[in-house]
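As provided, query.cif (mmCIF, C-alpha atoms and all ligand atoms) reads as follows.
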data_run
loop_
_atom_site.label_atom_id
_atom_site.label_comp_id
_atom_site.auth_asym_id
_atom_site.auth_seq_id
_atom_site.Cartn_x
_atom_site.Cartn_y
_atom_site.Cartn_z
CA MET A 1 179.11 95.60 41.90
CA ASN A 2 182.35 93.60 42.06
CA LYS A 3 182.57 90.96 39.38
CA LEU A 4 179.40 88.87 39.50
CA GLN A 5 180.24 85.51 41.06
CA ALA A 6 176.98 84.02 42.28
CA LEU A 7 173.21 84.04 42.02
CA LEU A 8 171.19 83.41 45.16
CA PHE A 9 167.67 82.20 44.45
CA ASP A 10 164.57 82.39 46.56
CA VAL A 11 162.29 79.36 46.07
CA ASP A 12 158.59 79.96 46.73
CA GLY A 13 157.09 82.20 44.09
CA THR A 14 160.47 82.61 42.37
CA LEU A 15 161.47 79.18 41.04
CA ALA A 16 157.83 78.07 40.77
CA GLU A 17 154.35 79.25 41.74
CA THR A 18 154.30 77.10 44.85
CA GLU A 19 152.17 79.19 47.16
CA ARG A 20 148.59 79.23 45.84
CA ASP A 21 148.25 75.73 44.43
CA ALA A 22 150.67 73.77 46.56
CA HIS A 23 151.49 75.24 50.00
CA ARG A 24 147.97 76.63 50.45
CA VAL A 25 146.35 73.38 49.38
CA ALA A 26 148.64 71.34 51.66
CA PHE A 27 147.70 73.56 54.62
CA ASN A 28 143.99 73.12 53.85
CA GLU A 29 144.26 69.35 53.44
CA THR A 30 146.02 69.13 56.78
CA PHE A 31 143.42 71.30 58.51
CA ALA A 32 140.66 69.06 57.10
CA LYS A 33 142.48 65.93 58.24
CA TYR A 34 142.55 67.32 61.79
CA LYS A 35 138.88 68.34 61.46
CA LEU A 36 139.70 71.99 61.99
CA ASP A 37 137.30 74.52 60.49
CA TRP A 38 140.22 76.49 59.09
CA ASN A 39 140.15 77.05 55.37
CA TRP A 40 142.50 79.37 53.57
CA SER A 41 140.95 80.80 50.40
CA VAL A 42 143.18 82.08 47.60
CA GLU A 43 142.42 85.63 48.74
CA LEU A 44 142.96 85.06 52.46
CA TYR A 45 146.22 83.24 51.73
CA GLY A 46 147.47 86.40 50.01
CA GLU A 47 147.00 88.25 53.30
CA LEU A 48 148.61 85.46 55.30
CA LEU A 49 151.70 85.60 53.09
CA ALA A 50 152.59 88.82 54.93
CA VAL A 51 154.08 86.42 57.48
CA THR A 52 156.83 84.09 56.24
CA GLY A 53 157.16 80.56 57.60
CA GLY A 54 154.32 78.05 57.74
CA LYS A 55 154.26 77.68 61.53
CA GLU A 56 154.47 81.44 62.02
CA ARG A 57 151.68 81.85 59.42
CA MET A 58 149.34 79.51 61.32
CA GLN A 59 149.98 81.42 64.55
CA PHE A 60 149.32 84.71 62.75
CA TYR A 61 146.05 83.32 61.34
CA LEU A 62 144.83 82.33 64.80
CA ASP A 63 145.86 85.64 66.34
CA LYS A 64 144.38 87.83 63.63
CA TYR A 65 141.45 85.91 62.16
CA ARG A 66 140.37 83.31 64.71
CA PRO A 67 140.14 84.84 68.17
CA ASP A 68 137.16 82.47 68.62
CA TYR A 69 139.37 79.36 68.40
CA GLN A 70 139.69 77.54 71.73
CA GLN A 71 143.44 77.16 71.82
CA PRO A 72 144.84 73.98 73.38
CA SER A 73 147.34 74.58 76.20
CA ASP A 74 150.05 73.01 74.03
CA LEU A 75 149.32 75.20 71.00
CA GLN A 76 152.98 75.43 69.94
CA ASP A 77 153.32 71.63 69.89
CA PHE A 78 150.07 71.34 67.98
CA ILE A 79 151.27 73.82 65.36
CA ILE A 80 154.50 71.85 65.01
CA GLU A 81 152.51 68.64 64.51
CA LEU A 82 150.24 70.25 61.93
CA HIS A 83 153.24 71.65 60.12
CA LYS A 84 154.92 68.23 59.91
CA ASP A 85 151.77 66.85 58.31
CA LYS A 86 151.52 69.81 55.96
CA THR A 87 155.14 69.30 54.89
CA LYS A 88 154.48 65.64 54.13
CA CYS A 89 151.35 66.52 52.17
CA TYR A 90 153.23 69.23 50.23
CA ASN A 91 156.06 66.85 49.35
CA ASP A 92 153.63 64.17 48.20
CA MET A 93 151.98 66.75 45.96
CA LEU A 94 155.29 67.80 44.42
CA SER A 95 156.27 64.23 43.64
CA ASN A 96 152.85 63.17 42.31
CA ASN A 97 152.17 66.34 40.32
CA PRO A 98 155.42 68.24 39.72
CA LEU A 99 154.98 72.00 39.39
CA ALA A 100 156.22 73.84 36.32
CA LEU A 101 159.19 76.12 36.84
CA ARG A 102 158.62 79.78 36.07
CA PRO A 103 159.76 81.08 32.64
CA GLY A 104 163.51 81.40 32.30
CA VAL A 105 164.42 79.60 35.51
CA ARG A 106 165.75 76.40 33.97
CA ARG A 107 167.57 78.30 31.23
CA LEU A 108 169.24 80.78 33.60
CA LEU A 109 170.35 78.02 35.98
CA ALA A 110 171.83 76.01 33.12
CA GLU A 111 173.58 79.06 31.71
CA SER A 112 174.97 79.99 35.13
CA ARG A 113 176.45 76.54 35.55
CA SER A 114 178.17 76.58 32.20
CA ALA A 115 179.41 80.16 32.73
CA GLY A 116 180.94 79.30 36.10
CA ILE A 117 178.49 81.47 38.05
CA ARG A 118 178.01 79.89 41.47
CA LEU A 119 174.51 79.08 42.73
CA GLY A 120 172.87 79.18 46.14
CA ILE A 121 169.38 79.04 47.63
CA ALA A 122 168.09 81.35 50.37
CA THR A 123 164.53 80.56 51.42
CA THR A 124 162.16 80.51 54.33
CA THR A 125 160.56 77.20 53.52
CA THR A 126 161.41 73.81 55.05
CA PRO A 127 164.59 72.23 53.53
CA GLU A 128 162.90 69.07 52.24
CA ASN A 129 160.40 71.21 50.31
CA VAL A 130 163.29 72.70 48.37
CA THR A 131 165.03 69.44 47.53
CA SER A 132 161.76 67.90 46.45
CA LEU A 133 160.87 70.82 44.18
CA LEU A 134 164.36 70.75 42.64
CA GLU A 135 164.33 66.99 42.17
CA HIS A 136 160.85 66.70 40.68
CA SER A 137 160.61 69.95 38.69
CA LEU A 138 164.23 70.59 37.62
CA ALA A 139 166.39 67.44 37.53
CA ALA A 140 167.07 64.40 39.68
CA ASP A 141 170.46 65.77 40.71
CA ALA A 142 169.46 69.47 40.79
CA ALA A 143 170.05 69.90 44.53
CA SER A 144 173.75 69.34 43.83
CA TRP A 145 173.78 72.31 41.43
CA PHE A 146 173.59 74.62 44.48
CA GLU A 147 176.53 75.07 46.83
CA VAL A 148 174.22 75.86 49.70
CA ILE A 149 170.52 75.31 50.28
CA ALA A 150 169.92 77.79 53.09
CA ALA A 151 166.39 77.09 54.27
CA GLY A 152 163.88 77.34 57.10
CA SER A 153 164.94 77.38 60.72
CA VAL A 154 168.68 77.06 60.12
CA VAL A 155 168.78 80.74 61.17
CA PRO A 156 166.95 82.35 64.10
CA ASN A 157 164.95 84.92 62.09
CA LYS A 158 163.12 84.31 58.85
CA LYS A 159 162.72 86.85 56.01
CA PRO A 160 162.44 89.88 56.01
CA ALA A 161 165.37 89.53 58.41
CA PRO A 162 168.71 89.26 56.58
CA ASP A 163 169.77 86.11 58.45
CA ILE A 164 169.20 83.55 55.69
CA TYR A 165 171.11 85.61 53.11
CA ASN A 166 173.94 86.27 55.54
CA TYR A 167 174.08 82.55 56.24
CA ALA A 168 174.26 81.72 52.51
CA LEU A 169 177.02 84.30 51.97
CA GLN A 170 178.98 82.91 54.88
CA GLN A 171 178.61 79.30 53.70
CA MET A 172 179.75 80.24 50.20
CA ASP A 173 182.48 82.58 51.48
CA LEU A 174 181.18 85.41 49.32
CA GLN A 175 180.73 89.16 49.75
CA ALA A 176 177.29 90.63 49.19
CA ALA A 177 178.66 92.75 46.33
CA GLN A 178 179.65 89.63 44.40
CA CYS A 179 176.07 88.33 44.26
CA ILE A 180 172.62 89.02 42.89
CA ALA A 181 169.53 87.76 44.70
CA ILE A 182 166.45 86.70 42.72
CA GLU A 183 163.23 87.15 44.65
CA ASP A 184 159.48 87.51 44.15
CA SER A 185 158.28 89.33 47.26
CA GLN A 186 158.81 92.43 49.36
CA ASN A 187 159.76 90.30 52.35
CA GLY A 188 162.40 88.62 50.20
CA LEU A 189 163.66 91.95 48.87
CA ARG A 190 163.92 93.39 52.38
CA SER A 191 165.86 90.33 53.51
CA ALA A 192 168.35 90.45 50.64
CA GLN A 193 168.68 94.25 50.87
CA ALA A 194 169.38 94.09 54.58
CA ALA A 195 172.20 91.68 53.77
CA GLY A 196 173.49 94.22 51.21
CA ILE A 197 172.70 92.12 48.13
CA SER A 198 171.41 93.69 44.88
CA THR A 199 168.07 92.14 44.06
CA LEU A 200 166.15 91.33 40.90
CA ILE A 201 162.42 90.79 41.41
CA THR A 202 160.12 88.62 39.29
CA VAL A 203 156.62 89.34 40.53
CA ASN A 204 153.66 86.96 40.64
CA ASN A 205 149.93 87.37 41.26
CA TYR A 206 150.36 87.57 45.00
CA THR A 207 153.22 90.06 44.98
CA CYS A 208 152.60 92.27 41.92
CA ASN A 209 151.25 95.18 43.97
CA GLU A 210 153.98 95.17 46.60
CA ASP A 211 156.49 97.99 46.97
CA PHE A 212 159.86 97.03 45.49
CA LYS A 213 161.69 100.27 46.13
CA GLY A 214 165.42 99.66 46.02
CA ALA A 215 165.28 96.59 43.77
CA MET A 216 167.76 96.78 40.88
CA LEU A 217 165.09 95.55 38.47
CA VAL A 218 161.44 94.45 38.66
CA LEU A 219 160.15 92.11 35.91
CA ASP A 220 157.09 89.94 35.42
CA ASN A 221 159.39 86.94 34.95
CA LEU A 222 162.91 86.09 33.76
CA GLY A 223 161.73 85.78 30.17
CA GLU A 224 162.78 83.43 27.40
CA PRO A 225 164.14 84.16 23.90
CA GLU A 226 160.67 83.41 22.50
CA GLN A 227 158.78 84.88 25.47
CA PRO A 228 160.09 88.34 26.40
CA PHE A 229 159.69 89.67 29.93
CA THR A 230 157.82 92.87 30.78
CA VAL A 231 159.83 95.47 32.67
CA LEU A 232 157.94 96.92 35.64
CA SER A 233 160.84 99.09 36.81
CA GLY A 234 164.52 99.48 36.06
CA ASN A 235 166.62 99.63 32.90
CA VAL A 236 167.42 96.53 30.83
CA ASP A 237 169.18 98.23 27.92
CA GLY A 238 167.12 96.49 25.25
CA ALA A 239 167.29 92.97 26.70
CA THR A 240 164.17 90.80 26.43
CA TYR A 241 165.19 87.95 28.72
CA VAL A 242 167.54 87.63 31.69
CA ASP A 243 170.88 86.02 30.95
CA ILE A 244 174.31 86.22 32.54
CA ASN A 245 175.57 88.99 30.25
CA MET A 246 172.58 91.11 31.13
CA LEU A 247 173.06 90.48 34.85
CA LYS A 248 176.75 91.37 34.63
CA ALA A 249 175.81 94.66 32.94
CA LEU A 250 173.23 95.67 35.55
C1 LIG B 301 158.22 81.27 51.70
C2 LIG B 301 157.47 81.06 52.92
C3 LIG B 301 157.19 79.70 53.37
C4 LIG B 301 156.20 78.94 52.54
C5 LIG B 301 155.70 77.73 53.28
O1 LIG B 301 158.75 82.60 51.68
O2 LIG B 301 157.10 82.01 53.59
O3 LIG B 301 156.69 79.78 54.66
O4 LIG B 301 155.08 79.75 52.28
O5 LIG B 301 156.75 76.90 53.67
P1 LIG B 301 160.03 82.97 50.79
P2 LIG B 301 156.81 76.27 55.14
O6 LIG B 301 159.67 82.66 49.36
O7 LIG B 301 160.20 84.45 50.98
O8 LIG B 301 161.20 82.20 51.30
O9 LIG B 301 155.45 75.82 55.51
O10 LIG B 301 157.80 75.12 55.01
O11 LIG B 301 157.32 77.35 56.06
MG MG B 302 159.36 83.93 47.70
#

Kindly return the structure encoded in the file as structure tokens.
Ligand code: XBP
Ligand code: MG
Amino acid sequence: MNKLQALLFDVDGTLAETERDAHRVAFNETFAKYKLDWNWSVELYGELLAVTGGKERMQFYLDKYRPDYQQPSDLQDFIIELHKDKTKCYNDMLSNNPLALRPGVRRLLAESRSAGIRLGIATTTTPENVTSLLEHSLAADAASWFEVIAAGSVVPNKKPAPDIYNYALQQMDLQAAQCIAIEDSQNGLRSAQAAGISTLITVNNYTCNEDFKGAMLVLDNLGEPEQPFTVLSGNVDGATYVDINMLKAL
């Protein structure tokens, strides 16, 4: 790698465990509000996560699991309407009950800022979901810590396509070799890899059995001085938590 200049963070599953107890719940509350008999269990949601993007995920659910559903002629518009509601519900949840950040996230972001390592976000989720998570779970001004918040439909193709990472690199005027991506899923890894960016994975319950071939390192989380990470693959040279020196040495 050239000299490390920037970290590009995924959001869902990487900064916080947003999927199971926040996105999934917001989808279900929206379905109930519209009196739809759609209910996404914790297990089913794990299968639906194969498809990134909430609107795309609803379409996938109907195609694969609900061939019985009498689709309205304006199904695309209906999905857009549902998704707007789901986004509102999700944002209300994040402001009323802020989610905890995953271990090491706050520390690594703070250290990056003081070490002059630039920060960006590359995610599939809707932009306001990111700013609300940052504001309520990290700090009131945390959105301004990131030079770019590349999110959602700003690019034509969502992860695993490389578009969102390429967009972030372009906005920050960086080369792939100057960055490390931090991701939690195979779709995220494929996206970052296809943009040529070395990737560190912190797995979670939904992604721990995915194939992370090609990742520079796979950990259970970023770790803390008092709470060491577990290495699932890769070499950390004795480190017990991720910090900038360790990332520079990778
Ligand atoms: C995140 C997603 C998103 C969220 C839901 O993937 O796939 O779709 O699950 O957000 P990644 P929206 O972490 O790889 O970016 O409903 O706003 O799409
Ligand atoms: Mg993710």

Inset, instruction - Give the residue list for ligand LIG 301 (chain B) at 8 Å, counting only C-alpha atoms and all ligand atoms, as an MDAnalysis selection string, sorted by chain and then by residue number. - result: chainID A and resid 10:14 18:19 23:24 49 51:57 83 86:87 122:127 129 151:152 159:160 183:185 187:188

Assuming 8 Å of padding per side, give the centre and edge lengths of the axis-aligned box around every listed atom of segment 111-117 of chain A, in Å to one decimal and as AutoDock Vina command-line options.
--center_x 177.3 --center_y 79.0 --center_z 34.9 --size_x 23.4 --size_y 20.9 --size_z 22.3

Legend entry - Nearest residue to ligand MG 302 (chain B) from the set A:Arg107, A:Lys158, A:Lys3, A:Lys84 (distances using all atoms listed in the file): A:Lys158

Legend entry - d(atom CA of Gln71 of chain A, atom CA of Arg20 of chain A) in Å: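 According to the coordinates, atom CA of Gln71 of chain A and atom CA of Arg20 of chain A are separated by 26.6 Å.
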
Legend entry - A:Leu15, A:Leu232, A:Asn205, A:Asn28 ranked by distance to ligand MG 302 (chain B), top pick (using all atoms listed in the file): A:Leu15

Legend entry - Residue nearest Gly104 of chain A - candidates A:Glu226, A:Gly46, A:Leu247, A:Thr30, atoms counted: only C-alpha atoms: A:Glu226

Inset, instruction - Report the distance between atom CA of Ala176 of chain A and atom CA of Gly196 of chain A in Å, rounded to one decimal place. - result: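 So the two atoms, atom CA of Ala176 of chain A and atom CA of Gly196 of chain A, lie 5.6 Å apart.
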
Neighbour residues at most 7 Å from (156.7, 74.8, 39.5) (only C-alpha atoms) as a short mmCIF file (atom, residue, chain, number, x, y, z; two decimals) with C-alpha atoms, keeping the file's coordinate frame:
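See result.cif below for the written result:
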data_model
loop_
_atom_site.label_atom_id
_atom_site.label_comp_id
_atom_site.auth_asym_id
_atom_site.auth_seq_id
_atom_site.Cartn_x
_atom_site.Cartn_y
_atom_site.Cartn_z
CA LEU A 15 161.47 79.18 41.04
CA ALA A 16 157.83 78.07 40.77
CA GLU A 17 154.35 79.25 41.74
CA THR A 18 154.30 77.10 44.85
CA PRO A 98 155.42 68.24 39.72
CA LEU A 99 154.98 72.00 39.39
CA ALA A 100 156.22 73.84 36.32
CA LEU A 101 159.19 76.12 36.84
CA ARG A 102 158.62 79.78 36.07
CA SER A 137 160.61 69.95 38.69
#

Inset, instruction - Point out the residue among A:Met93, A:Leu200, A:Ile164, A:Ile117 with the least atom-to-atom distance to Ser132 of chain A, counting all atoms listed in the file. - result: A:Met93

Inset, instruction - Between A:Tyr69, A:Phe9, A:Tyr90, A:Phe27, single out the one closest to Ile149 of chain A, counting all atoms listed in the file. - result: A:Phe9

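Distance check against ligand MG 302 (chain B) using all atoms listed in the file: of A:Ala50, A:Met58, A:Leu174, A:Cys89, the minimum falls on A:Ala50.
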
Inset, instruction - For atom CA of Ile79 of chain A and atom CA of Leu94 of chain A, quote the distance in Å rounded to one decimal. - result: 22.2 Å

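When the distance limit is 10 Å and only C-alpha atoms are what count, the residues near Leu217 of chain A, minus those fewer than 6 positions from it on the same chain, are A:Ile182, A:Ser198, A:Thr199, A:Leu200, A:Ile201, A:Thr202, A:Val231, A:Leu232, A:Ser233, A:Gly234, A:Asn235, A:Val236, A:Leu250.
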
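Look at Thr240 of chain A: the protein and nucleic acid residues within 7 Å of it, using only C-alpha atoms and passing over chain neighbours fewer than 4 places away, are Gly223, Pro228 and Phe229 of chain A.
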